[in-house]
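Chemist: Quick one, work-v1.txt (compact mmCIF, C-alpha atoms):
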```txt
# COMPACT_ATOMS: atom_id res chain seq x y z
CA MET A 1 159.52 176.60 78.04
CA LYS A 2 160.94 174.37 80.71
CA LEU A 3 158.24 175.16 83.25
CA SER A 4 155.35 174.08 81.01
CA ASP A 5 157.21 170.88 80.18
CA ILE A 6 157.27 170.00 83.84
CA PHE A 7 153.52 170.53 84.13
CA LYS A 8 152.78 168.50 81.02
CA LYS A 9 154.39 165.42 82.50
CA LYS A 10 152.10 165.51 85.53
CA ASN A 11 148.51 164.31 85.22
CA SER A 12 146.00 167.10 85.72
CA GLY A 13 144.30 165.00 88.40
CA ASP A 14 147.52 165.00 90.44
CA VAL A 15 147.97 168.71 89.83
CA ALA A 16 144.42 169.24 91.15
CA LYS A 17 145.11 167.20 94.28
CA ASP A 18 148.38 169.04 94.99
CA ARG A 19 146.79 172.46 94.48
CA LEU A 20 143.87 171.43 96.65
CA LYS A 21 146.16 170.28 99.45
CA MET A 22 148.04 173.58 99.33
CA VAL A 23 144.92 175.72 99.35
CA LEU A 24 143.42 173.71 102.21
CA VAL A 25 146.53 174.11 104.31
CA SER A 26 146.13 177.88 104.20
CA ASP A 27 142.32 177.68 104.52
CA ARG A 28 142.54 175.45 107.58
CA SER A 29 145.30 177.39 109.28
CA SER A 30 144.00 180.77 108.12
CA CYS A 31 147.56 181.57 107.01
CA SER A 32 147.99 183.16 103.58
CA PRO A 33 150.81 182.30 101.12
CA GLU A 34 152.19 185.83 101.62
CA ILE A 35 152.56 185.25 105.35
CA MET A 36 154.15 181.85 104.70
CA ASP A 37 156.63 183.58 102.42
CA ARG A 38 157.48 186.13 105.10
CA ILE A 39 157.96 183.38 107.70
CA LYS A 40 160.26 181.57 105.26
CA ASN A 41 162.34 184.67 104.60
CA ASP A 42 162.63 185.48 108.30
CA ILE A 43 163.79 181.94 109.07
CA ILE A 44 166.41 182.18 106.32
CA GLU A 45 167.59 185.53 107.66
CA VAL A 46 167.98 184.27 111.23
CA LEU A 47 169.59 180.94 110.36
CA SER A 48 171.99 182.55 107.87
CA LYS A 49 173.75 184.12 110.86
CA TYR A 50 174.84 180.65 111.94
CA ALA A 51 174.93 178.51 108.82
CA GLU A 52 174.98 178.56 105.04
CA ILE A 53 171.53 177.40 103.96
CA ASP A 54 170.54 175.71 100.72
CA GLN A 55 167.73 178.13 99.95
CA ASP A 56 166.41 176.19 96.95
CA GLY A 57 166.13 172.99 98.98
CA LEU A 58 164.29 174.70 101.80
CA ASP A 59 160.83 173.31 102.41
CA ILE A 60 158.46 174.97 104.81
CA LYS A 61 154.76 174.32 105.28
CA ILE A 62 151.96 174.18 107.77
CA THR A 63 150.71 170.65 108.26
CA GLU A 64 148.62 169.01 110.93
CA MET A 65 149.84 167.19 113.98
CA GLU A 66 147.81 164.74 116.01
CA THR A 67 147.49 165.70 119.64
CA ASP A 68 146.31 162.36 120.98
CA ASP A 69 147.04 158.68 120.36
CA LYS A 70 143.72 158.00 118.67
CA GLY A 71 144.53 160.54 115.98
CA THR A 72 141.12 162.17 116.29
CA LYS A 73 142.24 165.67 117.26
CA SER A 74 144.82 167.59 115.31
CA VAL A 75 146.41 171.03 115.50
CA PRO A 76 148.34 172.97 112.86
CA ALA A 77 152.12 172.49 113.03
CA LEU A 78 154.91 174.34 111.24
CA TYR A 79 157.12 171.89 109.41
CA ALA A 80 160.46 173.09 108.10
CA ASN A 81 163.11 171.06 106.29
CA ILE A 82 166.21 173.23 105.96
CA PRO A 83 169.30 171.74 104.30
CA ILE A 84 172.54 173.21 105.68
CA ARG A 85 175.51 173.50 103.33
CA ASN A 86 178.04 174.66 105.89
CA MET A 87 178.05 175.66 109.51
CA HIS A 88 179.73 179.02 110.14
CA HIS A 89 182.32 178.01 112.72
CA THR A 90 182.94 181.66 113.50
CA ALA A 91 179.47 181.78 114.99
CA LYS A 92 180.61 179.67 117.93
CA MET B 1 112.23 158.13 116.84
CA GLY B 2 113.61 158.88 113.40
CA GLU B 3 116.79 160.54 112.22
CA VAL B 4 117.32 163.99 110.74
CA ILE B 5 119.88 164.07 107.90
CA VAL B 6 121.04 167.31 106.27
CA ILE B 7 122.41 167.18 102.72
CA THR B 8 124.87 170.01 102.18
CA SER B 9 127.90 171.01 100.09
CA GLY B 10 128.91 174.66 100.42
CA LYS B 11 129.29 175.11 96.69
CA GLY B 12 126.21 175.32 94.49
CA GLY B 13 125.48 173.07 91.54
CA VAL B 14 127.21 169.92 92.77
CA GLY B 15 124.00 167.91 93.12
CA LYS B 16 122.55 168.50 96.60
CA THR B 17 118.95 168.65 95.44
CA THR B 18 119.34 165.68 93.07
CA THR B 19 120.95 163.71 95.88
CA THR B 20 118.19 164.70 98.32
CA ALA B 21 115.48 163.60 95.86
CA ASN B 22 117.18 160.28 95.12
CA VAL B 23 118.13 159.47 98.70
CA GLY B 24 114.63 160.33 99.93
CA THR B 25 112.92 158.33 97.20
CA GLY B 26 115.34 155.40 97.64
CA LEU B 27 114.78 155.22 101.40
CA SER B 28 111.01 155.24 100.87
CA MET B 29 111.44 152.35 98.40
CA LEU B 30 113.21 150.50 101.23
CA ASN B 31 109.92 150.86 103.16
CA LYS B 32 111.11 153.73 105.35
CA LYS B 33 108.76 156.60 106.09
CA VAL B 34 110.48 159.71 104.76
CA VAL B 35 109.83 163.46 104.67
CA LEU B 36 111.98 165.81 102.60
CA VAL B 37 112.30 169.45 103.65
CA ASP B 38 113.52 172.06 101.14
CA THR B 39 115.21 174.86 103.11
CA ASP B 40 116.35 176.79 100.01
CA ILE B 41 113.82 179.57 100.60
CA GLY B 42 113.56 181.89 97.59
CA LEU B 43 115.27 179.40 95.23
CA ARG B 44 113.27 176.22 95.73
CA ASN B 45 113.87 173.33 93.34
CA LEU B 46 113.32 170.06 95.17
CA ASP B 47 109.64 170.23 94.14
CA VAL B 48 110.48 170.20 90.40
CA VAL B 49 113.11 167.46 90.73
CA LEU B 50 110.42 165.32 92.39
CA GLY B 51 107.75 166.39 89.88
CA LEU B 52 105.54 167.87 92.63
CA GLU B 53 105.63 171.53 91.56
CA ASN B 54 101.88 171.68 90.82
CA ARG B 55 100.78 170.34 94.18
CA ILE B 56 102.21 172.96 96.52
CA VAL B 57 99.65 174.84 98.57
CA TYR B 58 101.44 175.56 101.83
CA ASN B 59 105.19 175.71 102.45
CA LEU B 60 107.87 175.74 105.14
CA VAL B 61 107.35 179.42 105.99
CA ASP B 62 103.58 178.88 106.30
CA ILE B 63 104.27 176.19 108.92
CA VAL B 64 106.59 178.30 111.09
CA GLU B 65 104.32 181.33 110.80
CA GLY B 66 101.29 179.26 111.78
CA ASN B 67 99.34 179.85 108.54
CA CYS B 68 98.64 176.12 108.28
CA LYS B 69 98.93 172.88 110.20
CA LEU B 70 102.06 170.79 109.69
CA LYS B 71 100.03 168.05 107.97
CA GLN B 72 98.59 170.51 105.43
CA ALA B 73 102.05 171.46 104.16
CA MET B 74 103.20 167.86 103.68
CA ILE B 75 102.81 166.95 100.00
CA LYS B 76 102.41 163.25 99.39
CA ASN B 77 104.53 161.80 96.61
CA LYS B 78 102.85 160.70 93.39
CA ASP B 79 103.17 156.95 93.63
CA ASN B 80 104.78 156.37 96.99
CA ASP B 81 102.79 156.59 100.21
CA ASN B 82 105.97 156.60 102.31
CA LEU B 83 107.37 159.83 100.87
CA TYR B 84 106.38 163.41 101.65
CA LEU B 85 107.75 166.84 100.74
CA ILE B 86 107.67 170.13 102.62
CA ALA B 87 108.48 172.76 99.99
CA ALA B 88 110.36 176.00 100.56
CA ALA B 89 108.63 179.34 100.06
CA GLN B 90 109.55 180.94 96.75
CA GLN B 91 108.60 184.58 97.41
CA ARG B 92 110.42 184.93 100.74
CA ASP B 93 114.05 184.85 101.90
CA LYS B 94 116.24 182.80 104.24
CA THR B 95 115.58 185.08 107.24
CA SER B 96 111.90 183.99 107.24
CA VAL B 97 112.92 180.94 109.33
CA THR B 98 115.23 180.72 112.36
CA PRO B 99 117.43 177.80 113.49
CA GLU B 100 115.25 177.48 116.62
CA GLN B 101 112.14 177.07 114.49
CA MET B 102 113.90 174.43 112.39
CA LYS B 103 114.92 172.52 115.55
CA LYS B 104 111.33 172.49 116.73
CA LEU B 105 109.99 171.42 113.33
CA THR B 106 112.49 168.59 112.81
CA GLN B 107 111.82 167.38 116.36
CA GLU B 108 108.12 167.09 115.53
CA LEU B 109 108.79 165.41 112.18
CA LYS B 110 111.17 162.77 113.49
CA ALA B 111 108.57 161.58 115.97
CA GLU B 112 106.50 160.48 113.00
CA PHE B 113 109.04 159.63 110.25
CA ASP B 114 112.00 157.23 110.02
CA TYR B 115 114.04 159.81 108.09
CA VAL B 116 113.75 163.59 107.84
CA ILE B 117 116.00 164.71 104.95
CA ILE B 118 116.90 168.40 104.79
CA ASP B 119 117.96 169.90 101.44
CA CYS B 120 120.40 172.67 102.36
CA PRO B 121 120.97 175.77 100.20
CA ALA B 122 124.44 176.64 98.88
CA GLY B 123 126.54 178.98 101.01
CA ILE B 124 127.37 179.19 104.71
CA GLU B 125 124.94 181.90 105.79
CA GLN B 126 121.51 181.82 107.42
CA GLY B 127 120.09 179.18 105.05
CA PHE B 128 122.92 176.79 105.99
CA LYS B 129 122.49 177.52 109.70
CA ASN B 130 118.76 176.80 109.43
CA ALA B 131 119.35 173.56 107.53
CA ILE B 132 121.84 172.08 110.01
CA ALA B 133 120.08 173.29 113.19
CA GLY B 134 118.05 170.15 113.87
CA ALA B 135 120.21 167.60 112.05
CA ASP B 136 121.55 164.43 113.71
CA ARG B 137 123.92 163.65 110.86
CA ALA B 138 125.19 165.26 107.66
CA ILE B 139 125.87 164.09 104.13
CA ILE B 140 128.33 166.26 102.21
CA VAL B 141 127.96 166.19 98.44
CA THR B 142 131.00 167.14 96.37
CA THR B 143 132.33 166.66 92.85
CA PRO B 144 135.98 165.74 92.19
CA GLU B 145 136.96 169.35 91.48
CA VAL B 146 139.27 171.66 93.42
CA SER B 147 136.57 174.30 93.99
CA ALA B 148 133.89 171.88 95.21
CA VAL B 149 136.24 169.95 97.50
CA ARG B 150 137.62 173.14 98.96
CA ASP B 151 134.10 174.30 99.85
CA ALA B 152 133.28 170.85 101.23
CA ASP B 153 136.30 171.16 103.55
CA ARG B 154 135.01 174.48 104.84
CA ILE B 155 131.57 172.94 105.48
CA ILE B 156 133.15 169.99 107.32
CA GLY B 157 134.96 172.50 109.56
CA LEU B 158 131.72 174.36 110.30
CA LEU B 159 129.87 171.11 111.04
CA GLU B 160 132.66 170.04 113.43
CA ALA B 161 132.39 173.40 115.19
CA ASP B 162 128.65 172.81 115.46
CA GLU B 163 129.35 169.34 116.96
CA MET B 164 127.59 167.36 114.25
CA LYS B 165 127.62 163.72 115.37
CA GLN B 166 128.28 162.08 112.01
CA THR B 167 129.47 163.50 108.69
CA GLN B 168 129.74 161.35 105.57
CA LEU B 169 130.69 162.08 101.98
CA VAL B 170 129.08 161.45 98.60
CA VAL B 171 131.40 162.01 95.63
CA ASN B 172 129.11 162.97 92.78
CA ARG B 173 129.58 163.11 89.01
CA LEU B 174 132.73 161.02 88.94
CA ARG B 175 134.03 160.18 85.47
CA PRO B 176 135.81 156.80 85.78
CA ASP B 177 137.36 157.19 82.30
CA MET B 178 138.93 160.52 83.29
CA VAL B 179 140.13 159.12 86.63
CA LYS B 180 141.69 156.20 84.78
CA ARG B 181 143.75 158.45 82.51
CA GLY B 182 144.71 160.66 85.44
CA ASP B 183 142.70 163.73 84.51
CA MET B 184 140.31 163.66 87.45
CA MET B 185 140.79 163.15 91.17
CA SER B 186 139.51 159.75 92.30
CA ALA B 187 137.05 159.28 95.17
CA ASP B 188 140.03 158.02 97.21
CA ASP B 189 141.91 161.26 96.49
CA VAL B 190 138.95 163.30 97.73
CA VAL B 191 138.53 161.15 100.86
CA ASP B 192 142.28 161.39 101.49
CA VAL B 193 142.13 165.18 101.45
CA LEU B 194 138.86 165.64 103.38
CA ARG B 195 139.33 162.79 105.85
CA VAL B 196 135.66 161.85 106.24
CA ASP B 197 133.85 158.53 105.77
CA LEU B 198 132.77 157.76 102.23
CA LEU B 199 129.04 157.03 101.90
CA GLY B 200 128.89 156.70 98.15
CA ILE B 201 130.32 157.36 94.70
CA VAL B 202 127.84 158.45 92.02
CA PRO B 203 129.16 158.37 88.45
CA ASP B 204 128.40 161.14 85.98
CA ASP B 205 125.39 159.79 84.13
CA GLU B 206 123.20 161.27 81.40
CA ASP B 207 120.25 159.40 82.88
CA VAL B 208 120.28 161.86 85.81
CA VAL B 209 119.50 164.72 83.42
CA VAL B 210 116.77 162.70 81.71
CA ALA B 211 115.21 161.73 85.06
CA THR B 212 115.31 165.35 86.27
CA ASN B 213 113.69 166.48 82.99
CA ARG B 214 110.79 164.15 83.75
CA GLY B 215 110.62 164.91 87.47
CA GLU B 216 111.16 161.28 88.41
CA PRO B 217 114.17 160.40 90.57
CA LEU B 218 116.49 157.82 89.05
CA VAL B 219 117.18 155.78 92.18
CA GLY B 220 116.54 152.06 91.87
CA ASP B 221 116.77 152.06 88.06
CA SER B 222 118.92 148.96 87.64
CA LYS B 223 119.83 149.92 84.07
CA SER B 224 121.51 153.11 85.23
CA LEU B 225 124.83 153.15 87.12
CA ALA B 226 123.89 156.36 88.94
CA GLY B 227 120.51 154.85 89.85
CA GLN B 228 122.28 151.82 91.38
CA ALA B 229 124.82 154.04 93.15
CA TYR B 230 122.04 156.10 94.76
CA MET B 231 120.25 152.97 95.95
CA ASN B 232 123.50 151.75 97.50
CA VAL B 233 123.84 155.09 99.32
CA CYS B 234 120.32 154.58 100.73
CA ARG B 235 121.09 151.06 101.91
CA ARG B 236 124.30 152.27 103.59
CA ILE B 237 122.29 155.01 105.36
CA THR B 238 120.10 152.30 106.90
CA GLY B 239 123.26 150.63 108.22
CA GLU B 240 123.63 147.89 105.64
CA GLN B 241 127.16 147.04 104.44
CA VAL B 242 127.16 147.42 100.67
CA PRO B 243 130.32 147.15 98.55
CA PHE B 244 131.12 150.05 96.23
CA LEU B 245 130.15 149.65 92.57
CA ASP B 246 132.96 148.71 90.25
CA LEU B 247 132.69 151.74 87.97
CA GLU B 248 136.03 151.01 86.34
CA ALA B 249 134.99 147.55 85.18
CA LYS B 250 131.85 148.88 83.48
CA LYS B 251 133.78 151.63 81.79
CA GLY B 252 136.49 149.15 80.95
CA LEU B 253 134.04 147.13 78.89
CA PHE B 254 132.76 150.21 77.04
CA GLY B 255 136.30 151.42 76.74
CA THR B 256 137.34 148.14 75.09
CA ILE B 257 134.48 148.34 72.59
CA ALA B 258 135.21 152.01 71.90
CA SER B 259 138.91 151.37 71.37
CA VAL B 260 138.14 148.56 68.90
CA PHE B 261 136.08 150.98 66.83
CA LYS B 262 138.67 153.71 67.12
CA LYS B 263 141.37 151.46 65.68
CA LYS B 264 139.30 150.85 62.55
```
For this file, write the structure as structure tokens.

Modeler:
Amino acid sequence: MKLSDIFKKKNSGDVAKDRLKMVLVSDRSSCSPEIMDRIKNDIIEVLSKYAEIDQDGLDIKITEMETDDKGTKSVPALYANIPIRNMHHTAK
Amino acid sequence: MGEVIVITSGKGGVGKTTTTANVGTGLSMLNKKVVLVDTDIGLRNLDVVLGLENRIVYNLVDIVEGNCKLKQAMIKNKDNDNLYLIAAAQQRDKTSVTPEQMKKLTQELKAEFDYVIIDCPAGIEQGFKNAIAGADRAIIVTTPEVSAVRDADRIIGLLEADEMKQTQLVVNRLRPDMVKRGDMMSADDVVDVLRVDLLGIVPDDEDVVVATNRGEPLVGDSKSLAGQAYMNVCRRITGEQVPFLDLEAKKGLFGTIASVFKKK
């Protein structure tokens, strides 16, 4: 039971905060986890034409971005961190 | 001209009515003239928390329907001349009052009182819209749980859309011992997620249940941590700078004693 071992190590308070952050991201952006999953798969599909992607290391989420210097107004922003293993040179 | 403050949460059972009763009573103890308005029509409870359930003759719906004068529906508190209650109707529903009527009523009340405190029902429907209609500022009550904080976030969004001038947070029923061992989100965690100003932290306290049983708000009881925390909330509302209670230190002392006994 590797998965449960991982959860045991983490305090339940931290688990709560992480789950809360995740659920608020989709609440605030009105974007469901299913749609996020489809966006992720589509990005993988497109980028795979040009590069070999580390799919396990791929991190994609909707966060918030400040639109002014004061940091009072923010808009949702798509953040994607996509590790590339190899560029397909044939794609040039 | 006074201020209208709505106390709201989204989720039910997090302590809106208890907070309303304690904040109202506390402000009146600070020599402010206060009126509390229960907008939870059909499920009124502020009257019992204040111990005024036997004194209700007229209610909020009677006022807006013109069955009585405003003064006749204001119930004076037992031993505090500065505190009044306008109870909700119990046999009616939320559609008996409109946001426009609430705006007019709160406008009249704040001409006479320093603070008009509105106890908002749970949910985001008509009752919520009525409660926030005339408010100048909002106090969000939440507990350090995923469900309550999620609902609080939704309420904050709705208040922003309604252009509420000031929104502040009260984290209720915090268990410092659980926070310490990492099994509960801290007030800082909640503030970090919700990004609103913190007005107060109220620890989970058995005395709150005892006080509610008796119909006497706890605020100002120096022997109770929650009573002190509520009084600090009141002083911050009036603009005073009050440091947050050191809940950890108190628990630390009890914790030390408890751990000594546990070892034996």

Chemist: Of the candidates A:Leu47, A:Ala16, A:Val25, A:Ile62, which shows the shortest atom-to-atom distance to chain B, using all atoms listed in the file?

Modeler: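 Ranked by minimum distance to chain B, first place goes to A:Ala16.
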
Chemist: Compute the set of chain B residues within 6 Å of chain A, using only C-alpha atoms, and express it as number ranges by chain.

Modeler: B: 146, 182-185

Chemist: Grab the CA of Pro203 (chain B) to CA of Ala87 (chain B) distance for me, in Å with one decimal place.

Modeler: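 Spanning CA of Pro203 (chain B) to CA of Ala87 (chain B) is a straight-line distance of 27.7 Å.
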
Chemist: Pick out the closest residue to Asp189 (chain B) from this set: B:Thr143, B:Glu216, B:Asp207, B:Asp177. Count all atoms listed in the file.

Modeler: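 Using all atoms listed in the file, the shortest distance to Asp189 (chain B) belongs to B:Thr143.
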
Chemist: Give the centre and edge lengths of an axis-aligned box, in Å to one decimal, that holds all listed atoms of region 63-79 of chain B with 6 Å on each side, as lines of an AutoDock Vina configuration file.

Modeler:
```
center_x = 102.6
center_y = 169.1
center_z = 102.6
size_x = 20.0
size_y = 36.4
size_z = 30.4
```

Chemist: From the set B:Ile140, B:Ile41, B:Ile124, B:Leu70, which residue has the shortest atom-to-atom contact distance to Ala89 (chain B), counting only C-alpha atoms?

Modeler: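 Among B:Ile140, B:Ile41, B:Ile124, B:Leu70, it is B:Ile41 that comes nearest to Ala89 (chain B).
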
Chemist: If we count all atoms listed in the file and set the cut-off at 12 Å, which residues sit around region 43-53 of chain B, ignoring sequence neighbours fewer than 6 positions away in its own chain? Please answer as a PyMOL selection string.

Modeler: chain B and resi 12-13+15-25+36-37+59-60+74-80+83-94+117-122+127+208-219

Chemist: Using all atoms listed in the file, what residues lie at most 12 Å away from (124.7, 172.7, 121.9) (file coordinates), given as an MDAnalysis selection string?

Modeler: chainID B and resid 100 103 133:135 160:165

Chemist: Would you mind telling me which residue in A:Ser29, A:Asn41, A:Thr67, A:Met22 lies nearest to Ile53 (chain A) when using all atoms listed in the file?

Modeler: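 Comparing A:Ser29, A:Asn41, A:Thr67, A:Met22 against Ile53 (chain A), the winner is A:Asn41.
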
Chemist: List the neighbours of Gly2 (chain B) out to 8 Å using all atoms listed in the file; skip same-chain residues closer than 4 positions along the sequence, and give me the result as an mmCIF file with C-alpha atoms, in the frame of the given file.

Modeler:
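Result file follows (result_22.cif):
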```
data_model
loop_
_atom_site.group_PDB
_atom_site.id
_atom_site.type_symbol
_atom_site.label_atom_id
_atom_site.label_comp_id
_atom_site.auth_asym_id
_atom_site.auth_seq_id
_atom_site.Cartn_x
_atom_site.Cartn_y
_atom_site.Cartn_z
ATOM 1 C CA LYS B 110 111.170 162.770 113.490
ATOM 2 C CA ALA B 111 108.570 161.580 115.970
ATOM 3 C CA GLU B 112 106.500 160.480 113.000
ATOM 4 C CA PHE B 113 109.040 159.630 110.250
ATOM 5 C CA ASP B 114 112.000 157.230 110.020
ATOM 6 C CA TYR B 115 114.040 159.810 108.090
ATOM 7 C CA VAL B 116 113.750 163.590 107.840
#
```

Chemist: As an exercise, work out the distance from CA of Glu34 (chain A) to CA of Gln55 (chain A) in Å and give it to one decimal place.

Modeler: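 Taking CA of Glu34 (chain A) as the start and CA of Gln55 (chain A) as the end point, the length is 17.4 Å.
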
Chemist: What gap, in Å, lies between CA of Lys32 (chain B) and CA of Asn82 (chain B)?

Modeler: 6.6 Å

Chemist: At a cut-off of 10 Å around the point (173.0, 181.0, 107.0) (file coordinates), what residues fall inside when counting all atoms listed in the file? I'd like the answer as a list in words.

Modeler: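 Those residues lying close to the given coordinates are Ile43, Ile44, Glu45, Val46, Leu47, Ser48, Lys49, Tyr50, Ala51, Glu52, Ile53, Asp54, Gln55, Ile84, Arg85, Asn86, Met87 and His88 of chain A.
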
Chemist: Can you take the partial region 12-33 of chain A, add N, CA and C atoms, and return it as a PDB file, in the coordinates of the input?

Modeler:
```
ATOM      1  N   SER A  12     146.738 165.967  85.175  1.00  0.00           N
ATOM      2  CA  SER A  12     146.000 167.100  85.720  1.00  0.00           C
ATOM      3  C   SER A  12     145.275 166.729  87.016  1.00  0.00           C
ATOM      4  N   GLY A  13     144.931 165.451  87.159  1.00  0.00           N
ATOM      5  CA  GLY A  13     144.300 165.000  88.400  1.00  0.00           C
ATOM      6  C   GLY A  13     145.240 165.161  89.589  1.00  0.00           C
ATOM      7  N   ASP A  14     146.519 164.839  89.377  1.00  0.00           N
ATOM      8  CA  ASP A  14     147.520 165.000  90.440  1.00  0.00           C
ATOM      9  C   ASP A  14     147.777 166.467  90.734  1.00  0.00           C
ATOM     10  N   VAL A  15     147.793 167.263  89.651  1.00  0.00           N
ATOM     11  CA  VAL A  15     147.970 168.710  89.830  1.00  0.00           C
ATOM     12  C   VAL A  15     146.831 169.256  90.693  1.00  0.00           C
ATOM     13  N   ALA A  16     145.599 168.801  90.386  1.00  0.00           N
ATOM     14  CA  ALA A  16     144.420 169.240  91.150  1.00  0.00           C
ATOM     15  C   ALA A  16     144.568 168.885  92.623  1.00  0.00           C
ATOM     16  N   LYS A  17     145.002 167.642  92.888  1.00  0.00           N
ATOM     17  CA  LYS A  17     145.110 167.200  94.280  1.00  0.00           C
ATOM     18  C   LYS A  17     146.175 168.015  95.027  1.00  0.00           C
ATOM     19  N   ASP A  18     147.317 168.260  94.364  1.00  0.00           N
ATOM     20  CA  ASP A  18     148.380 169.040  94.990  1.00  0.00           C
ATOM     21  C   ASP A  18     147.930 170.475  95.273  1.00  0.00           C
ATOM     22  N   ARG A  19     147.272 171.085  94.282  1.00  0.00           N
ATOM     23  CA  ARG A  19     146.790 172.460  94.480  1.00  0.00           C
ATOM     24  C   ARG A  19     145.765 172.521  95.594  1.00  0.00           C
ATOM     25  N   LEU A  20     144.902 171.503  95.620  1.00  0.00           N
ATOM     26  CA  LEU A  20     143.870 171.430  96.650  1.00  0.00           C
ATOM     27  C   LEU A  20     144.498 171.325  98.043  1.00  0.00           C
ATOM     28  N   LYS A  21     145.494 170.457  98.153  1.00  0.00           N
ATOM     29  CA  LYS A  21     146.160 170.280  99.450  1.00  0.00           C
ATOM     30  C   LYS A  21     146.757 171.605  99.925  1.00  0.00           C
ATOM     31  N   MET A  22     147.413 172.300  98.983  1.00  0.00           N
ATOM     32  CA  MET A  22     148.040 173.580  99.330  1.00  0.00           C
ATOM     33  C   MET A  22     147.017 174.603  99.785  1.00  0.00           C
ATOM     34  N   VAL A  23     145.917 174.695  99.032  1.00  0.00           N
ATOM     35  CA  VAL A  23     144.920 175.720  99.350  1.00  0.00           C
ATOM     36  C   VAL A  23     144.222 175.389 100.676  1.00  0.00           C
ATOM     37  N   LEU A  24     144.073 174.091 100.958  1.00  0.00           N
ATOM     38  CA  LEU A  24     143.420 173.710 102.210  1.00  0.00           C
ATOM     39  C   LEU A  24     144.308 173.971 103.417  1.00  0.00           C
ATOM     40  N   VAL A  25     145.608 173.828 103.214  1.00  0.00           N
ATOM     41  CA  VAL A  25     146.530 174.110 104.310  1.00  0.00           C
ATOM     42  C   VAL A  25     146.356 175.562 104.759  1.00  0.00           C
ATOM     43  N   SER A  26     146.290 176.477 103.792  1.00  0.00           N
ATOM     44  CA  SER A  26     146.130 177.880 104.200  1.00  0.00           C
ATOM     45  C   SER A  26     144.705 178.171 104.661  1.00  0.00           C
ATOM     46  N   ASP A  27     143.706 177.501 104.050  1.00  0.00           N
ATOM     47  CA  ASP A  27     142.320 177.680 104.520  1.00  0.00           C
ATOM     48  C   ASP A  27     142.179 177.228 105.973  1.00  0.00           C
ATOM     49  N   ARG A  28     142.729 176.039 106.251  1.00  0.00           N
ATOM     50  CA  ARG A  28     142.540 175.450 107.580  1.00  0.00           C
ATOM     51  C   ARG A  28     143.325 176.199 108.640  1.00  0.00           C
ATOM     52  N   SER A  29     144.472 176.718 108.275  1.00  0.00           N
ATOM     53  CA  SER A  29     145.300 177.390 109.280  1.00  0.00           C
ATOM     54  C   SER A  29     145.083 178.892 109.253  1.00  0.00           C
ATOM     55  N   SER A  30     144.222 179.347 108.367  1.00  0.00           N
ATOM     56  CA  SER A  30     144.000 180.770 108.120  1.00  0.00           C
ATOM     57  C   SER A  30     145.329 181.519 108.013  1.00  0.00           C
ATOM     58  N   CYS A  31     146.243 180.970 107.214  1.00  0.00           N
ATOM     59  CA  CYS A  31     147.560 181.570 107.010  1.00  0.00           C
ATOM     60  C   CYS A  31     147.776 181.711 105.497  1.00  0.00           C
ATOM     61  N   SER A  32     147.914 182.927 105.012  1.00  0.00           N
ATOM     62  CA  SER A  32     147.990 183.160 103.580  1.00  0.00           C
ATOM     63  C   SER A  32     149.380 182.834 103.022  1.00  0.00           C
ATOM     64  N   PRO A  33     149.492 182.575 101.706  1.00  0.00           N
ATOM     65  CA  PRO A  33     150.810 182.300 101.120  1.00  0.00           C
ATOM     66  C   PRO A  33     151.803 183.450 101.340  1.00  0.00           C
TER      67      PRO A  33
END
```
